[in-house]
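Pasted below: entry-v7.txt, compact mmCIF, C-alpha atoms and all ligand atoms.
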```txt
# COMPACT_ATOMS: atom_id res chain seq x y z
CA MET A 1 -13.88 67.04 0.80
CA ALA A 2 -14.58 68.39 -2.70
CA GLN A 3 -14.63 72.18 -3.23
CA ILE A 4 -17.36 73.62 -5.44
CA ILE A 5 -17.54 77.15 -6.88
CA ILE A 6 -20.92 78.45 -7.97
CA VAL A 7 -20.88 81.57 -10.15
CA GLY A 8 -24.04 83.71 -9.75
CA ALA A 9 -26.30 84.05 -6.71
CA GLY A 10 -29.56 84.18 -8.65
CA ARG A 11 -32.34 81.66 -8.10
CA THR A 12 -30.27 78.73 -9.48
CA GLY A 13 -27.02 79.53 -7.68
CA THR A 14 -28.43 80.26 -4.21
CA ALA A 15 -30.76 77.25 -4.12
CA LEU A 16 -27.99 74.88 -5.28
CA ALA A 17 -25.47 76.34 -2.81
CA LEU A 18 -27.90 75.76 0.05
CA LEU A 19 -28.67 72.15 -0.91
CA LEU A 20 -24.98 71.27 -1.30
CA VAL A 21 -23.78 72.86 1.96
CA LYS A 22 -26.64 71.16 3.81
CA HIS A 23 -24.96 67.91 2.76
CA GLY A 24 -21.58 69.00 4.08
CA ILE A 25 -20.09 69.98 0.71
CA ASN A 26 -17.80 73.04 0.60
CA VAL A 27 -19.31 75.76 -1.59
CA THR A 28 -18.06 79.21 -2.54
CA LEU A 29 -20.85 81.29 -4.08
CA ILE A 30 -19.71 84.33 -6.10
CA GLU A 31 -22.11 87.13 -7.08
CA ALA A 32 -21.26 90.15 -9.22
CA ALA A 33 -23.90 92.39 -7.61
CA LYS A 34 -23.13 94.07 -4.28
CA ASP A 35 -26.62 93.66 -2.86
CA PHE A 36 -30.09 92.36 -3.64
CA ASN A 37 -31.46 95.64 -4.96
CA ARG A 38 -30.90 94.65 -8.58
CA VAL A 39 -33.69 94.16 -11.11
CA PHE A 40 -35.12 90.67 -11.03
CA ARG A 41 -36.81 89.29 -14.10
CA GLY A 42 -40.11 88.06 -12.73
CA GLU A 43 -41.31 86.61 -9.47
CA GLY A 44 -44.08 84.22 -10.59
CA LEU A 45 -43.81 80.69 -9.21
CA MET A 46 -45.95 78.00 -10.79
CA PRO A 47 -47.17 75.00 -8.74
CA SER A 48 -44.07 73.08 -9.96
CA GLY A 49 -41.73 75.77 -8.58
CA LEU A 50 -43.61 75.91 -5.26
CA ASP A 51 -43.37 72.11 -5.10
CA ALA A 52 -39.60 72.34 -5.73
CA LEU A 53 -39.24 74.72 -2.75
CA THR A 54 -41.31 72.32 -0.59
CA GLN A 55 -39.09 69.41 -1.58
CA MET A 56 -36.07 71.50 -0.61
CA GLY A 57 -37.66 71.97 2.84
CA LEU A 58 -38.12 75.71 2.26
CA SER A 59 -41.93 76.15 2.48
CA ALA A 60 -41.70 77.69 5.96
CA LEU A 61 -39.33 80.31 4.60
CA LEU A 62 -42.09 81.61 2.29
CA GLU A 63 -44.20 82.47 5.35
CA ASP A 64 -41.74 85.22 6.32
CA ILE A 65 -41.38 86.97 2.96
CA PRO A 66 -43.88 88.90 0.82
CA THR A 67 -45.90 86.61 -1.42
CA ARG A 68 -49.21 87.04 -3.19
CA LYS A 69 -51.29 84.49 -5.02
CA LEU A 70 -52.85 85.00 -8.43
CA ASP A 71 -56.63 84.59 -8.53
CA GLY A 72 -56.91 84.05 -12.27
CA TRP A 73 -55.84 84.82 -15.83
CA GLU A 74 -57.94 87.03 -18.09
CA PHE A 75 -57.61 88.17 -21.70
CA ILE A 76 -59.15 91.36 -23.10
CA ILE A 77 -58.99 91.87 -26.87
CA ASN A 78 -59.81 95.26 -28.42
CA GLY A 79 -61.50 96.27 -25.15
CA LYS A 80 -63.76 93.18 -24.96
CA PRO A 81 -63.27 90.30 -22.48
CA LEU A 82 -62.39 87.09 -24.34
CA PHE A 83 -62.14 84.65 -21.42
CA ARG A 84 -61.06 84.22 -17.82
CA VAL A 85 -59.73 81.16 -16.01
CA ASP A 86 -59.53 81.01 -12.21
CA GLU A 87 -56.58 79.65 -10.28
CA PRO A 88 -55.52 77.03 -9.23
CA MET A 89 -56.70 75.36 -12.47
CA GLY A 90 -56.69 71.80 -11.08
CA ALA A 91 -53.37 72.14 -9.24
CA SER A 92 -53.06 71.88 -5.46
CA ARG A 93 -51.93 75.52 -5.19
CA PRO A 94 -52.20 78.67 -7.26
CA CYS A 95 -49.46 80.43 -9.19
CA THR A 96 -47.86 82.68 -6.56
CA LEU A 97 -45.74 85.82 -6.78
CA VAL A 98 -42.75 85.62 -4.47
CA SER A 99 -40.61 88.68 -3.80
CA GLN A 100 -37.13 87.71 -5.02
CA PRO A 101 -34.71 89.85 -2.92
CA PRO A 102 -35.97 88.49 0.46
CA LEU A 103 -36.13 84.96 -0.96
CA LEU A 104 -32.49 85.06 -2.07
CA LYS A 105 -31.41 86.75 1.17
CA ALA A 106 -33.16 84.03 3.19
CA LEU A 107 -31.55 81.23 1.15
CA ILE A 108 -28.10 82.75 1.70
CA SER A 109 -28.70 83.33 5.44
CA GLU A 110 -29.75 79.69 5.74
CA ALA A 111 -26.64 78.54 3.83
CA GLN A 112 -24.48 80.68 6.15
CA THR A 113 -25.60 78.56 9.11
CA HIS A 114 -23.67 75.60 7.61
CA ASP A 115 -19.91 75.03 7.76
CA GLY A 116 -18.06 75.16 4.47
CA PHE A 117 -20.13 77.96 2.89
CA VAL A 118 -18.43 81.13 1.65
CA PHE A 119 -20.39 83.94 -0.02
CA ILE A 120 -18.46 86.54 -2.06
CA PRO A 121 -20.80 89.36 -3.19
CA GLY A 122 -19.83 92.38 -5.29
CA VAL A 123 -17.11 90.63 -7.30
CA ALA A 124 -17.58 89.25 -10.81
CA VAL A 125 -15.95 86.15 -12.22
CA LYS A 126 -14.05 87.23 -15.31
CA ASP A 127 -12.19 84.09 -16.38
CA LEU A 128 -11.59 80.41 -15.69
CA LEU A 129 -8.47 78.59 -14.48
CA ARG A 130 -7.42 75.42 -16.29
CA SER A 131 -5.23 72.51 -15.35
CA ASP A 132 -4.67 69.27 -17.31
CA ASN A 133 -7.36 70.17 -19.90
CA ARG A 134 -9.93 70.62 -17.15
CA VAL A 135 -11.49 73.73 -15.62
CA ALA A 136 -9.87 74.06 -12.21
CA GLY A 137 -11.27 77.32 -10.80
CA VAL A 138 -12.09 80.95 -11.49
CA VAL A 139 -10.38 84.33 -11.76
CA LEU A 140 -12.23 87.17 -10.03
CA SER A 141 -12.39 90.79 -11.18
CA ASP A 142 -10.23 91.81 -8.18
CA GLY A 143 -7.49 89.46 -9.41
CA ARG A 144 -8.04 86.64 -6.89
CA GLN A 145 -7.78 83.10 -8.21
CA LEU A 146 -9.88 80.39 -6.56
CA THR A 147 -9.51 76.69 -7.30
CA ALA A 148 -12.26 74.06 -7.26
CA ASP A 149 -13.03 70.45 -8.16
CA LEU A 150 -16.11 71.68 -10.01
CA VAL A 151 -17.26 75.13 -11.21
CA ILE A 152 -21.00 75.62 -11.75
CA GLY A 153 -22.05 78.46 -14.03
CA ALA A 154 -25.35 79.81 -12.69
CA ASP A 155 -24.62 83.27 -14.07
CA GLY A 156 -27.71 83.72 -16.19
CA ARG A 157 -28.49 84.33 -19.83
CA ASN A 158 -25.30 86.25 -20.67
CA SER A 159 -23.12 83.72 -18.82
CA ILE A 160 -19.42 84.53 -18.86
CA VAL A 161 -18.71 80.99 -17.66
CA ARG A 162 -20.43 79.65 -20.79
CA GLU A 163 -18.51 82.04 -23.00
CA ARG A 164 -15.10 81.30 -21.41
CA THR A 165 -15.71 77.53 -21.63
CA GLY A 166 -16.60 77.87 -25.31
CA LEU A 167 -19.97 76.13 -24.88
CA LYS A 168 -22.31 77.24 -27.66
CA LEU A 169 -25.73 78.81 -27.08
CA ILE A 170 -28.24 78.32 -29.90
CA LYS A 171 -30.55 81.31 -29.62
CA GLN A 172 -34.16 81.51 -30.81
CA PRO A 173 -34.77 84.45 -33.17
CA LYS A 174 -35.25 87.57 -31.07
CA ASN A 175 -38.57 89.35 -31.67
CA ILE A 176 -39.53 91.06 -28.45
CA ASP A 177 -38.21 92.84 -25.40
CA ILE A 178 -40.18 93.92 -22.35
CA LEU A 179 -40.67 97.30 -20.71
CA TRP A 180 -41.30 96.70 -17.02
CA PHE A 181 -43.34 99.29 -15.08
CA LYS A 182 -44.53 99.62 -11.51
CA LEU A 183 -47.40 101.85 -10.39
CA ALA A 184 -49.81 102.31 -7.49
CA ALA A 185 -52.12 99.36 -6.91
CA SER A 186 -55.83 99.58 -7.58
CA PRO A 187 -58.24 98.05 -5.00
CA GLN A 188 -59.64 95.83 -7.77
CA PHE A 189 -56.32 93.92 -8.03
CA VAL A 190 -55.97 93.79 -4.24
CA ASP A 191 -59.31 91.98 -4.00
CA ASP A 192 -58.95 89.90 -7.15
CA ASN A 193 -55.36 89.54 -8.36
CA VAL A 194 -55.94 88.61 -11.96
CA PHE A 195 -53.05 88.39 -14.45
CA LEU A 196 -54.74 90.57 -17.04
CA THR A 197 -53.46 90.53 -20.62
CA ILE A 198 -54.68 93.31 -22.90
CA VAL A 199 -54.27 93.18 -26.68
CA ASN A 200 -55.38 96.26 -28.57
CA SER A 201 -54.28 97.88 -31.84
CA GLU A 202 -51.03 95.94 -32.15
CA ARG A 203 -50.12 96.69 -28.56
CA VAL A 204 -49.92 94.11 -25.76
CA PHE A 205 -49.38 94.39 -22.05
CA SER A 206 -50.01 92.31 -18.94
CA ILE A 207 -50.77 93.77 -15.53
CA PHE A 208 -51.10 92.20 -12.06
CA HIS A 209 -50.44 92.97 -8.38
CA GLY A 210 -46.84 92.01 -7.49
CA ALA A 211 -45.78 90.26 -4.30
CA GLU A 212 -44.94 93.51 -2.47
CA SER A 213 -47.87 95.51 -1.08
CA GLY A 214 -49.25 98.44 -2.99
CA LYS A 215 -47.62 97.95 -6.40
CA LEU A 216 -49.03 96.84 -9.73
CA HIS A 217 -46.50 95.37 -12.15
CA LEU A 218 -46.96 95.97 -15.86
CA ALA A 219 -45.07 94.19 -18.65
CA TYR A 220 -45.38 95.98 -22.00
CA VAL A 221 -44.20 94.11 -25.10
CA ILE A 222 -41.98 96.05 -27.51
CA SER A 223 -40.37 95.04 -30.77
CA ALA A 224 -36.72 94.07 -30.38
CA ILE A 225 -36.10 95.23 -33.96
CA GLU A 226 -37.78 98.65 -34.15
CA PRO A 227 -36.52 100.93 -31.37
CA THR A 228 -39.17 102.39 -29.03
CA ASP A 229 -38.57 105.85 -27.59
CA TYR A 230 -39.84 104.76 -24.22
CA LYS A 231 -38.37 107.54 -22.10
CA GLN A 232 -40.41 110.41 -23.57
CA THR A 233 -43.78 108.72 -23.75
CA ASN A 234 -46.99 109.58 -21.90
CA TRP A 235 -47.50 106.03 -20.68
CA ALA A 236 -50.58 106.73 -18.56
CA GLU A 237 -52.45 107.92 -21.67
CA ILE A 238 -51.21 105.02 -23.81
CA PHE A 239 -52.23 102.38 -21.26
CA ALA A 240 -55.54 104.14 -20.59
CA SER A 241 -56.37 104.24 -24.31
CA LEU A 242 -55.90 100.46 -24.55
CA SER A 243 -57.80 99.53 -21.38
CA PRO A 244 -61.41 98.98 -20.28
CA ALA A 245 -62.96 102.05 -18.56
CA TRP A 246 -62.28 101.01 -14.92
CA LEU A 247 -58.60 100.42 -15.60
CA ALA A 248 -58.23 103.50 -17.84
CA GLU A 249 -59.51 105.59 -14.95
CA HIS A 250 -56.90 104.04 -12.64
CA PHE A 251 -54.06 104.83 -15.08
CA ARG A 252 -55.20 108.45 -15.47
CA HIS A 253 -55.83 108.98 -11.77
CA HIS A 254 -52.44 107.50 -10.75
CA ALA A 255 -50.39 108.72 -13.71
CA ASP A 256 -47.82 110.29 -11.38
CA THR A 257 -47.15 106.93 -9.70
CA ILE A 258 -46.05 105.21 -12.93
CA GLU A 259 -42.32 104.63 -12.45
CA SER A 260 -39.89 105.02 -15.37
CA PRO A 261 -39.82 101.72 -17.24
CA ILE A 262 -36.88 99.32 -17.15
CA LYS A 263 -36.09 97.64 -20.45
CA LEU A 264 -35.62 93.90 -19.96
CA SER A 265 -34.00 92.21 -22.91
CA VAL A 266 -35.40 88.78 -23.74
CA VAL A 267 -32.85 86.08 -24.66
CA VAL A 268 -34.14 82.57 -25.31
CA GLY A 269 -32.09 79.54 -26.28
CA ARG A 270 -30.38 76.33 -25.28
CA CYS A 271 -26.82 75.02 -25.16
CA PRO A 272 -26.44 71.74 -27.05
CA GLN A 273 -23.94 70.83 -24.33
CA TRP A 274 -24.14 72.15 -20.76
CA HIS A 275 -20.85 70.78 -19.48
CA ALA A 276 -17.15 70.28 -20.09
CA PRO A 277 -14.52 68.68 -17.84
CA GLY A 278 -14.72 70.52 -14.49
CA ILE A 279 -17.68 72.71 -15.44
CA LEU A 280 -21.49 72.57 -15.50
CA LEU A 281 -23.99 75.21 -16.63
CA LEU A 282 -27.43 75.35 -14.98
CA GLY A 283 -30.52 77.59 -15.17
CA ASP A 284 -30.52 80.42 -17.70
CA ALA A 285 -26.76 79.96 -18.32
CA ALA A 286 -27.58 76.61 -19.98
CA HIS A 287 -31.05 77.46 -21.35
CA PRO A 288 -32.22 81.09 -21.08
CA MET A 289 -36.02 81.08 -20.76
CA SER A 290 -38.61 83.41 -22.21
CA PRO A 291 -40.84 85.36 -19.80
CA VAL A 292 -43.96 83.72 -21.29
CA ARG A 293 -46.01 81.95 -18.57
CA ALA A 294 -43.37 82.31 -15.85
CA GLN A 295 -41.21 79.25 -16.51
CA GLY A 296 -37.57 80.18 -15.84
CA ILE A 297 -37.42 80.25 -12.01
CA ASN A 298 -39.44 77.03 -11.79
CA ILE A 299 -37.26 75.27 -14.33
CA ALA A 300 -34.11 76.56 -12.58
CA LEU A 301 -35.25 75.18 -9.21
CA ARG A 302 -35.95 71.82 -10.86
CA ASP A 303 -32.45 71.87 -12.44
CA VAL A 304 -31.10 72.36 -8.92
CA ILE A 305 -32.95 69.30 -7.56
CA VAL A 306 -31.67 67.03 -10.33
CA ALA A 307 -28.10 68.36 -10.03
CA THR A 308 -28.22 67.78 -6.25
CA ASN A 309 -29.39 64.18 -6.75
CA TYR A 310 -26.36 63.41 -8.91
CA LEU A 311 -23.71 65.56 -7.24
CA VAL A 312 -24.23 64.93 -3.52
CA PRO A 313 -23.43 61.17 -3.54
CA ILE A 314 -20.23 61.56 -5.58
CA LEU A 315 -19.00 64.78 -3.95
CA SER A 316 -19.57 63.40 -0.43
CA ALA A 317 -17.59 60.29 -1.40
CA ASP A 318 -14.63 62.40 -2.59
CA ALA A 319 -14.95 60.93 -6.06
CA GLU A 320 -12.28 61.24 -8.79
CA HIS A 321 -12.65 64.12 -11.23
CA GLN A 322 -13.56 61.63 -13.96
CA GLN A 323 -16.60 60.46 -11.97
CA ILE A 324 -17.69 64.05 -11.35
CA ASP A 325 -17.48 64.81 -15.08
CA LEU A 326 -19.57 61.73 -15.91
CA ALA A 327 -22.33 62.96 -13.58
CA LEU A 328 -22.46 66.29 -15.45
CA SER A 329 -23.63 64.65 -18.66
CA GLN A 330 -26.23 62.62 -16.70
CA ILE A 331 -27.65 65.87 -15.27
CA GLN A 332 -28.08 67.33 -18.76
CA THR A 333 -29.61 64.09 -20.08
CA GLU A 334 -32.22 64.05 -17.32
CA ARG A 335 -33.14 67.75 -17.57
CA GLU A 336 -33.04 68.33 -21.32
CA PRO A 337 -36.45 66.83 -22.31
CA GLU A 338 -38.30 69.20 -19.94
CA ILE A 339 -36.35 72.23 -21.15
CA ILE A 340 -36.98 71.44 -24.83
CA ARG A 341 -40.72 70.94 -24.25
CA ALA A 342 -41.10 74.03 -22.02
CA GLN A 343 -39.38 76.22 -24.61
CA GLN A 344 -41.60 74.75 -27.37
CA LEU A 345 -44.72 75.56 -25.33
CA GLN A 346 -43.48 79.07 -24.61
CA LEU A 347 -42.81 79.56 -28.32
CA GLN A 348 -46.33 78.41 -29.21
CA GLU A 349 -47.87 80.80 -26.66
CA ALA A 350 -45.72 83.65 -27.96
CA ALA A 351 -46.70 82.84 -31.57
CA GLN A 352 -50.42 83.00 -30.66
CA GLY A 353 -49.81 86.36 -28.99
CA GLU A 354 -47.93 87.67 -32.03
CA LEU A 355 -50.73 86.51 -34.37
CA LEU A 356 -53.26 88.44 -32.30
CA ARG A 357 -51.01 91.48 -32.02
CA LYS A 358 -50.17 91.72 -35.69
CA ASN A 359 -53.42 90.62 -37.36
CA SER A 360 -56.27 93.08 -36.95
CA LEU A 361 -58.67 90.77 -38.85
CA VAL A 362 -58.07 87.93 -36.37
CA ARG A 363 -58.61 90.37 -33.49
CA SER A 364 -61.87 91.73 -34.85
CA LEU A 365 -63.18 88.25 -35.73
CA LEU A 366 -62.40 87.09 -32.20
CA VAL A 367 -64.24 90.04 -30.70
CA GLN A 368 -67.22 89.61 -33.06
CA PHE A 369 -67.57 85.89 -32.39
CA ALA A 370 -66.42 85.92 -28.76
CA PRO A 371 -69.79 84.66 -27.41
CA LEU A 372 -69.49 81.59 -29.68
CA LEU A 373 -65.73 81.05 -29.56
CA SER A 374 -64.65 82.00 -26.07
CA LYS A 375 -65.40 78.58 -24.52
CA ILE A 376 -63.45 76.74 -27.25
CA ILE A 377 -60.51 79.14 -27.00
CA LYS A 378 -60.53 78.96 -23.21
CA ASN A 379 -60.47 75.13 -23.22
CA SER A 380 -57.68 75.03 -25.76
CA TRP A 381 -55.65 77.56 -23.70
CA LEU A 382 -56.28 75.54 -20.53
CA ARG A 383 -55.06 72.32 -22.17
CA ARG A 384 -51.77 74.02 -23.09
CA GLN A 385 -51.16 75.29 -19.54
CA HIS A 386 -50.99 71.98 -17.66
CA GLU A 387 -47.37 71.08 -18.49
CA MET A 388 -46.16 74.65 -17.98
CA ARG A 389 -47.72 74.74 -14.50
CA GLN A 390 -47.11 71.25 -13.16
CA GLY A 391 -43.82 70.42 -14.88
CA ILE A 392 -43.20 68.00 -17.69
CA THR A 393 -40.98 65.30 -16.20
CA GLN A 394 -40.89 63.77 -12.70
CA VAL A 395 -38.49 65.74 -10.52
CA ASN A 396 -37.99 64.40 -6.97
CA LEU A 397 -35.26 65.29 -4.51
CA LYS A 398 -33.69 61.96 -3.55
CA VAL A 399 -30.88 62.94 -1.18
C1 LIG B 401 -39.08 90.03 -18.45
C2 LIG B 401 -38.89 88.67 -17.86
C3 LIG B 401 -39.80 88.23 -16.88
C4 LIG B 401 -39.67 86.95 -16.34
N1 LIG B 401 -40.60 86.54 -15.42
C5 LIG B 401 -40.49 85.30 -14.89
C6 LIG B 401 -41.43 84.85 -13.90
O1 LIG B 401 -42.35 85.57 -13.49
N2 LIG B 401 -41.29 83.59 -13.45
C7 LIG B 401 -40.29 82.75 -13.87
O2 LIG B 401 -40.24 81.58 -13.44
N3 LIG B 401 -39.36 83.18 -14.77
C8 LIG B 401 -39.43 84.43 -15.27
N4 LIG B 401 -38.50 84.85 -16.17
C9 LIG B 401 -37.33 83.99 -16.45
C10 LIG B 401 -36.36 84.07 -15.25
O3 LIG B 401 -36.04 85.42 -14.99
C11 LIG B 401 -35.05 83.31 -15.50
O4 LIG B 401 -35.29 82.10 -16.16
C12 LIG B 401 -34.37 83.05 -14.13
O5 LIG B 401 -34.00 84.27 -13.54
C13 LIG B 401 -33.11 82.17 -14.27
O6 LIG B 401 -32.44 82.14 -13.02
P1 LIG B 401 -30.85 82.01 -12.96
O7 LIG B 401 -30.52 81.95 -11.51
O8 LIG B 401 -30.44 80.88 -13.82
O9 LIG B 401 -30.31 83.34 -13.61
P2 LIG B 401 -30.39 84.84 -13.02
O10 LIG B 401 -31.63 85.03 -12.21
O11 LIG B 401 -30.17 85.72 -14.22
O12 LIG B 401 -29.15 84.95 -12.03
C14 LIG B 401 -27.82 85.03 -12.51
C15 LIG B 401 -26.98 85.67 -11.44
O13 LIG B 401 -25.62 85.64 -11.84
C16 LIG B 401 -25.01 86.88 -11.56
N5 LIG B 401 -23.86 87.02 -12.45
C17 LIG B 401 -23.88 87.24 -13.79
N6 LIG B 401 -22.63 87.29 -14.28
C18 LIG B 401 -21.79 87.08 -13.22
C19 LIG B 401 -20.36 87.01 -13.10
N7 LIG B 401 -19.54 87.15 -14.15
N8 LIG B 401 -19.83 86.78 -11.87
C20 LIG B 401 -20.65 86.62 -10.78
N9 LIG B 401 -22.00 86.70 -10.86
C21 LIG B 401 -22.56 86.91 -12.07
C22 LIG B 401 -26.12 87.90 -11.80
O14 LIG B 401 -25.88 89.13 -11.14
C23 LIG B 401 -27.32 87.15 -11.22
O15 LIG B 401 -27.50 87.39 -9.85
C24 LIG B 401 -38.61 86.12 -16.76
C25 LIG B 401 -37.69 86.54 -17.73
C26 LIG B 401 -37.83 87.82 -18.28
C27 LIG B 401 -36.86 88.25 -19.35
```

Spell out the structure here as structure tokens.
Ligand SMILES: Cc1cc2nc3c(=O)[nH]c(=O)nc-3n(C[C@H](O)[C@H](O)[C@H](O)COP(=O)(O)OP(=O)(O)OC[C@H]3O[C@@H](n4cnc5c(N)ncnc54)[C@H](O)[C@@H]3O)c2cc1C
Amino acid sequence: MAQIIIVGAGRTGTALALLLVKHGINVTLIEAAKDFNRVFRGEGLMPSGLDALTQMGLSALLEDIPTRKLDGWEFIINGKPLFRVDEPMGASRPCTLVSQPPLLKALISEAQTHDGFVFIPGVAVKDLLRSDNRVAGVVLSDGRQLTADLVIGADGRNSIVRERTGLKLIKQPKNIDILWFKLAASPQFVDDNVFLTIVNSERVFSIFHGAESGKLHLAYVISAIEPTDYKQTNWAEIFASLSPAWLAEHFRHHADTIESPIKLSVVVGRCPQWHAPGILLLGDAAHPMSPVRAQGINIALRDVIVATNYLVPILSADAEHQQIDLALSQIQTEREPEIIRAQQLQLQEAAQGELLRKNSLVRSLLVQFAPLLSKIIKNSWLRRQHEMRQGITQVNLKV
């Protein structure tokens, strides 16, 4: 039976490991982090991501971990409401926040019930083994060498597997990073969990109630070029000064609950080629996604479904290495159109945000003419959301 190594137990790596071991394929999953207490970039699942979990037979698992649905999306410009759209926006279920540590833990526990699954946490992959011009395994940071018929790099945007294979990543120009805050929840978000985006005086942030009880999450956009001295700042006052009165009061009243921000660097791009003999990149390792409109986890889960469709039949049949390598290019060919389109849509959304942030005339015209324009802007925004919520291509688990 073929031996697979998956590098990285993020959303891509854990979901793929589970689907492969369920089909009797031997998988070793290697994760650099010791535990699940690391920082996860986002927890928003769109209807397409929820559908992917359902297809994987994992819906029941969501009942035992903290989740919270979004009730809507609202935009406030210079203190004035521009428009609001309620979930689920024509889909069968709303965008839902899913706590990532328990989700990953549950996926790994489920994989551990199958023979042939080995999980190695707390050890990083630092190099690749080669044999006959093909990747033949990995070298771990503790010196161990593990061999495999196929290595899958699911090690995220700064993938070492990608780097060691020499697969190129074409990056989009980097404009923004994100400061991620958590603070005490306000009852308003508990009752009506709106993803509220506030644009005011060249500053932008989004705020919503996360999956875990009692915590608001706040993503504040900073320039990647001009450094922000974010450690010394009175954030409660800054957020309050940008917010409508009810929210400003919450920031001031709960200033002491605002946790120190974590800077999350944003890398966006795509590898022209995701594979080489003996190796396949998936998820952010192949195509790091922007945070705009919560795409990356959803796209990663859909990568996993397509990879499973191609890999299970050949790996279960103990295929030759040549046949495995042929399947790798088929996986990229099937997934690439959705990735290209999703990244284009994210770029368009980000460009609209940047226009609003940087152009005070546009902001004041929008506010002035909001009663006339808001319906047109809302409809145009809604039209752009469909593909990012429901997925762009047909993705069905066939095995
Ligand atoms: C600020 C921000 C917010 C976001 N919010 C959302 C959101 O709400 N919804 C959404 O769908 N997407 C969101 N995204 C995108 C999303 O985070 C990524 O697209 C997604 O995490 C990709 O999953 P992955 O499993 O491919 O990579 P990752 O989640 O990055 O997982 C990679 C794993 O590999 C491990 N690893 C790395 N190197 C090694 C090594 N050498 N050896 C062993 N293990 C290694 C890492 O520790 C990690 O566990 C956001 C992105 C950003 C920047």

Note to self: Could you list, as number ranges by chain, every residue within 7 Å of segment 378-389 of chain A, counting all atoms listed in the file and ignoring same-chain residues fewer than 4 positions away?
What the structure shows: A: 46-48, 83, 295, 342, 374

Could you list, with a cut-off of 12 Å and counting only C-alpha atoms, the residues of segment 103-212 of chain A near segment 236-242 of chain A, each shown with its nearest atom pair and the distance in Å rounded to one decimal, rows sorted by chain and ascending number, as CSV?
```
residue,atom,partner,partner_atom,distance
A:Phe181,CA,A:Ala236,CA,10.9
A:Lys182,CA,A:Ala236,CA,11.7
A:Leu183,CA,A:Ala236,CA,10.0
A:Ala184,CA,A:Ala236,CA,11.9
A:Thr197,CA,A:Leu242,CA,11.0
A:Ile198,CA,A:Leu242,CA,7.4
A:Val199,CA,A:Leu242,CA,7.8
A:Asn200,CA,A:Leu242,CA,5.8
A:Ser201,CA,A:Leu242,CA,7.9
A:Glu202,CA,A:Leu242,CA,10.1
A:Arg203,CA,A:Leu242,CA,8.0
A:Val204,CA,A:Leu242,CA,8.8
A:Phe205,CA,A:Phe239,CA,8.5
A:Ser206,CA,A:Phe239,CA,10.6
A:Ile207,CA,A:Phe239,CA,10.4
```

Next item on the list: Could you give me, as a list in words, the residues that sit within 8 Å of (-25.3, 76.5, 0.4) in the file's coordinates, counting only C-alpha atoms?
Entry: Thr14, Ala15, Leu16, Ala17, Leu18, Leu19, Leu20, Val21, Lys22, Val27, Leu29, Leu107, Ile108, Glu110, Ala111, Gln112, His114 and Phe117 of chain A

Next item on the list: Compare A:Ile331, A:Ala60, A:Ala219, A:Ile392 by their minimum atom-to-atom distance to ligand LIG 401 (chain B), counting only C-alpha atoms and all ligand atoms, and give me the closest one.
Entry: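 Smallest separation from ligand LIG 401 (chain B) among the options: A:Ala219.
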
Note to self: To one decimal place in Å, what is the distance between atom N6 of ligand LIG 401 (chain B) and atom CA of Lys34 of chain A?
What the structure shows: 12.1 Å

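Close contacts of segment 253-270 of chain A, defined as residues with an atom at most 8 Å away when counting only C-alpha atoms, with chain neighbours fewer than 5 positions off set aside, comprise Arg41, Arg157, Leu169, Ile170, Lys171, Gln172, Lys174, Ile176, Asp177, Ile178, Leu179, Trp180, Phe181, Lys182, Leu183, Ala184, Tyr230, Lys231, Trp235, Ala236, Ala286, His287, Pro288, Met289, Ser290 and Pro291 of chain A.
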
Next item on the list: Could you jot down the atom CA of Phe189 of chain A to atom CA of Ala294 of chain A separation for me, Å, one decimal place?
Entry: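 Here the two named atoms are 19.1 Å from each other.
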
Item checked: Selected residue, from A:Gln348, A:Thr228, A:Ser360, A:Gln100, that lies nearest to Gly10 of chain A when counting all atoms listed in the file ->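 With all atoms listed in the file as the atom set, the closest residue is A:Gln100.
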
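Proximity to Pro101 of chain A was assessed for A:Lys80, A:Arg144, A:Arg11, A:His209 counting only C-alpha atoms; the smallest distance is recorded for A:Arg11.
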
Item checked: atom O3 of ligand LIG 401 (chain B) to atom CA of Thr393 of chain A, straight-line distance in Å -> 20.8 Å

Next item on the list: Find the residues around Glu74 of chain A up to 8 Å (all atoms listed in the file counted), leave out those fewer than 5 positions away in its own chain, and share them as a PyMOL selection string.
Entry: chain A and resi 81-85+194-197

Could you write out that same residue set with C-alpha atoms as a PDB file, in the coordinates of the input?
```pdb
ATOM      1  CA  PRO A  81     -63.270  90.300 -22.480  1.00  0.00           C
ATOM      2  CA  LEU A  82     -62.390  87.090 -24.340  1.00  0.00           C
ATOM      3  CA  PHE A  83     -62.140  84.650 -21.420  1.00  0.00           C
ATOM      4  CA  ARG A  84     -61.060  84.220 -17.820  1.00  0.00           C
ATOM      5  CA  VAL A  85     -59.730  81.160 -16.010  1.00  0.00           C
ATOM      6  CA  VAL A 194     -55.940  88.610 -11.960  1.00  0.00           C
ATOM      7  CA  PHE A 195     -53.050  88.390 -14.450  1.00  0.00           C
ATOM      8  CA  LEU A 196     -54.740  90.570 -17.040  1.00  0.00           C
ATOM      9  CA  THR A 197     -53.460  90.530 -20.620  1.00  0.00           C
TER      10      THR A 197
END
```

Check: Hey, what's within 12 Å of Val138 of chain A if we count only C-alpha atoms and toss same-chain stuff fewer than 3 positions away? As a ChimeraX atom specification, please?
Finding: /A:4-7,28-30,123-131,134-135,141-153,160-161,164-165,278-279

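With distances restricted to all atoms listed in the file, A:Ala185 is the closest residue to His250 of chain A from A:Leu97, A:Ala185, A:Ala91, A:Leu280.
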